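Q: My structure is stored as upload_5.cif, with mmCIF, N, CA and C atoms.
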data_input
loop_
_atom_site.label_atom_id
_atom_site.label_comp_id
_atom_site.auth_asym_id
_atom_site.auth_seq_id
_atom_site.Cartn_x
_atom_site.Cartn_y
_atom_site.Cartn_z
N MET Y 77 43.10 30.65 -75.16
CA MET Y 77 44.33 30.36 -74.45
C MET Y 77 45.34 31.47 -74.73
N SER Y 78 46.06 31.88 -73.73
CA SER Y 78 47.02 32.97 -73.88
C SER Y 78 48.29 32.49 -74.59
N ILE Y 79 49.06 33.45 -75.06
CA ILE Y 79 50.31 33.16 -75.77
C ILE Y 79 51.32 32.60 -74.77
N GLN Y 80 52.01 31.55 -75.17
CA GLN Y 80 52.96 30.85 -74.29
C GLN Y 80 54.35 30.82 -74.93
N ILE Y 81 55.35 30.49 -74.12
CA ILE Y 81 56.72 30.33 -74.61
C ILE Y 81 56.72 29.23 -75.68
N GLY Y 82 57.40 29.51 -76.79
CA GLY Y 82 57.48 28.56 -77.89
C GLY Y 82 56.46 28.80 -78.99
N ASP Y 83 55.43 29.61 -78.70
CA ASP Y 83 54.42 29.92 -79.72
C ASP Y 83 55.02 30.77 -80.83
N ARG Y 84 54.55 30.55 -82.05
CA ARG Y 84 54.94 31.36 -83.20
C ARG Y 84 53.93 32.50 -83.31
N VAL Y 85 54.42 33.73 -83.46
CA VAL Y 85 53.55 34.89 -83.55
C VAL Y 85 53.95 35.75 -84.75
N THR Y 86 53.02 36.58 -85.19
CA THR Y 86 53.24 37.52 -86.28
C THR Y 86 53.19 38.92 -85.71
N HIS Y 87 54.19 39.74 -86.06
CA HIS Y 87 54.24 41.13 -85.56
C HIS Y 87 52.99 41.86 -86.01
N PRO Y 88 52.32 42.58 -85.09
CA PRO Y 88 51.06 43.23 -85.43
C PRO Y 88 51.18 44.36 -86.45
N VAL Y 89 52.37 44.92 -86.65
CA VAL Y 89 52.54 46.02 -87.59
C VAL Y 89 53.37 45.60 -88.80
N ASP Y 90 54.55 45.02 -88.54
CA ASP Y 90 55.49 44.68 -89.61
C ASP Y 90 55.15 43.41 -90.37
N GLY Y 91 54.42 42.50 -89.73
CA GLY Y 91 54.08 41.23 -90.35
C GLY Y 91 55.18 40.19 -90.28
N LYS Y 92 56.32 40.51 -89.59
CA LYS Y 92 57.38 39.51 -89.49
C LYS Y 92 56.98 38.42 -88.49
N ILE Y 93 57.59 37.26 -88.62
CA ILE Y 93 57.22 36.09 -87.82
C ILE Y 93 58.35 35.76 -86.86
N GLY Y 94 57.98 35.33 -85.64
CA GLY Y 94 58.99 34.99 -84.65
C GLY Y 94 58.47 34.00 -83.63
N THR Y 95 59.33 33.67 -82.67
CA THR Y 95 59.01 32.71 -81.62
C THR Y 95 59.09 33.39 -80.26
N VAL Y 96 58.11 33.14 -79.41
CA VAL Y 96 58.10 33.69 -78.06
C VAL Y 96 59.16 32.95 -77.23
N GLU Y 97 60.12 33.71 -76.69
CA GLU Y 97 61.20 33.12 -75.90
C GLU Y 97 60.97 33.25 -74.40
N ASP Y 98 60.23 34.28 -73.97
CA ASP Y 98 60.00 34.49 -72.55
C ASP Y 98 58.71 35.28 -72.37
N VAL Y 99 58.06 35.08 -71.25
CA VAL Y 99 56.86 35.83 -70.89
C VAL Y 99 57.14 36.46 -69.53
N LYS Y 100 57.11 37.80 -69.49
CA LYS Y 100 57.35 38.53 -68.24
C LYS Y 100 56.03 39.14 -67.79
N ARG Y 101 55.82 39.17 -66.48
CA ARG Y 101 54.58 39.71 -65.93
C ARG Y 101 54.92 40.92 -65.06
N ASN Y 102 54.26 42.05 -65.32
CA ASN Y 102 54.44 43.24 -64.51
C ASN Y 102 53.64 43.05 -63.22
N PRO Y 103 54.30 43.00 -62.06
CA PRO Y 103 53.58 42.74 -60.80
C PRO Y 103 52.60 43.83 -60.41
N ALA Y 104 52.80 45.04 -60.90
CA ALA Y 104 51.91 46.15 -60.54
C ALA Y 104 50.53 46.02 -61.21
N CYS Y 105 50.50 45.55 -62.44
CA CYS Y 105 49.22 45.49 -63.17
C CYS Y 105 48.94 44.13 -63.78
N LEU Y 106 49.85 43.19 -63.62
CA LEU Y 106 49.73 41.83 -64.15
C LEU Y 106 49.72 41.78 -65.68
N MET Y 107 50.15 42.89 -66.33
CA MET Y 107 50.25 42.91 -67.78
C MET Y 107 51.42 42.03 -68.21
N ARG Y 108 51.20 41.19 -69.18
CA ARG Y 108 52.26 40.30 -69.67
C ARG Y 108 53.01 40.95 -70.82
N HIS Y 109 54.33 40.79 -70.81
CA HIS Y 109 55.20 41.25 -71.89
C HIS Y 109 55.85 40.03 -72.50
N LEU Y 110 55.89 39.98 -73.81
CA LEU Y 110 56.44 38.84 -74.53
C LEU Y 110 57.80 39.22 -75.10
N VAL Y 111 58.80 38.39 -74.86
CA VAL Y 111 60.11 38.56 -75.48
C VAL Y 111 60.10 37.65 -76.70
N ILE Y 112 60.26 38.26 -77.88
CA ILE Y 112 60.11 37.53 -79.13
C ILE Y 112 61.40 37.59 -79.94
N ALA Y 113 61.85 36.42 -80.37
CA ALA Y 113 62.99 36.33 -81.29
C ALA Y 113 62.43 36.24 -82.69
N TRP Y 114 62.63 37.30 -83.47
CA TRP Y 114 62.12 37.32 -84.84
C TRP Y 114 63.02 36.49 -85.74
N ASP Y 115 62.44 35.96 -86.79
CA ASP Y 115 63.18 35.12 -87.73
C ASP Y 115 64.31 35.86 -88.43
N ASP Y 116 64.27 37.21 -88.43
CA ASP Y 116 65.34 37.98 -89.06
C ASP Y 116 66.54 38.18 -88.14
N GLY Y 117 66.51 37.57 -86.95
CA GLY Y 117 67.63 37.63 -86.02
C GLY Y 117 67.52 38.69 -84.94
N THR Y 118 66.49 39.53 -84.98
CA THR Y 118 66.31 40.55 -83.96
C THR Y 118 65.45 40.02 -82.82
N GLU Y 119 65.48 40.73 -81.70
CA GLU Y 119 64.68 40.36 -80.54
C GLU Y 119 63.95 41.60 -80.06
N GLU Y 120 62.72 41.42 -79.58
CA GLU Y 120 61.90 42.56 -79.17
C GLU Y 120 60.99 42.14 -78.03
N GLU Y 121 60.64 43.10 -77.16
CA GLU Y 121 59.69 42.86 -76.09
C GLU Y 121 58.44 43.69 -76.37
N LEU Y 122 57.29 43.02 -76.44
CA LEU Y 122 56.02 43.69 -76.73
C LEU Y 122 54.98 43.28 -75.69
N GLU Y 123 54.02 44.18 -75.43
CA GLU Y 123 52.91 43.83 -74.55
C GLU Y 123 52.02 42.82 -75.26
N GLU Y 124 51.46 41.92 -74.49
CA GLU Y 124 50.58 40.89 -75.06
C GLU Y 124 49.36 41.52 -75.76
N LEU Y 125 48.92 42.68 -75.28
CA LEU Y 125 47.77 43.36 -75.89
C LEU Y 125 48.00 43.72 -77.36
N GLU Y 126 49.26 43.85 -77.77
CA GLU Y 126 49.59 44.16 -79.17
C GLU Y 126 49.06 43.09 -80.12
N PHE Y 127 48.85 41.88 -79.61
CA PHE Y 127 48.45 40.75 -80.44
C PHE Y 127 46.96 40.47 -80.40
N GLY Y 128 46.18 41.40 -79.85
CA GLY Y 128 44.74 41.24 -79.83
C GLY Y 128 44.20 41.15 -78.42
N PRO Y 129 42.90 40.91 -78.29
CA PRO Y 129 42.27 40.85 -76.98
C PRO Y 129 42.84 39.73 -76.13
N LEU Y 130 42.92 39.96 -74.84
CA LEU Y 130 43.42 38.95 -73.92
C LEU Y 130 42.38 37.86 -73.72
N GLU Y 131 42.85 36.65 -73.53
CA GLU Y 131 41.96 35.51 -73.30
C GLU Y 131 42.25 34.93 -71.93
N ASP Y 132 41.27 34.27 -71.34
CA ASP Y 132 41.46 33.62 -70.04
C ASP Y 132 42.16 32.30 -70.18
#
Is it possible to give me this structure as C-alpha cells?
A:
Amino acid sequence: MSIQIGDRVTHPVDGKIGTVEDVKRNPACLMRHLVIAWDDGTEEELEELEFGPLED
C-alpha cells in the first residue's frame, strides 16, 4: 500500500520522524510528492521514491 496522508514516516537520510500532510501528483509523470511535517517543526516535500520502492 502506498504512503497516505496521516502516515508517520522516517526521513531516509536524517532519520527524523514526521507526518504526511499532503500528497501531490505530477501530471506529467504521475510521480507522487509527499509534503511532510517533521516533528522538529520543519516541513519538506520529498518524492515518494525516497522512501523505497513504489507499491501498487
Q: Need the shell around Y:Leu122: protein/DNA/RNA residues with any atom at most 6 Å away, counting all atoms listed in the file. Skip same-chain ones fewer than 4 positions apart. Format as a PyMOL selection string?
A: chain Y and resi 108-112
Q: Give the strand (DSSP E or B) residues of chain Y, as DSSP finds them on the backbone, and put them as a PyMOL selection string.
A: chain Y and resi 84-86+93-101+108-114+119-123
Q: Extract, using only C-alpha atoms, all DNA, RNA and protein residues at most 10 Å from Y:Val85, discarding same-chain residues fewer than 3 positions from it, and format them as a count of residues only.
A: 13
Q: Mind giving me the straight-line distance from atom CA of Y:Gly128 to atom C of Y:Cys105 in Å, one decimal?
A: 16.8 Å
Q: Atom CA of Y:Asp98 to atom CA of Y:Glu119: how many Å, to one decimal?
A: 11.0 Å
Q: Using DSSP on the backbone coordinates, identify the residues of chain Y assigned to helix (DSSP H, G or I); present them as JSON, numbers by chain.
A: {"Y": [124, 125, 126, 127]}
Q: So the first atom is atom CA of Y:Glu126 and the second is atom CA of Y:His87; what is the distance between them in Å, to one decimal place?
A: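 One can read the atom CA of Y:Glu126 to atom CA of Y:His87 distance as 8.5 Å.
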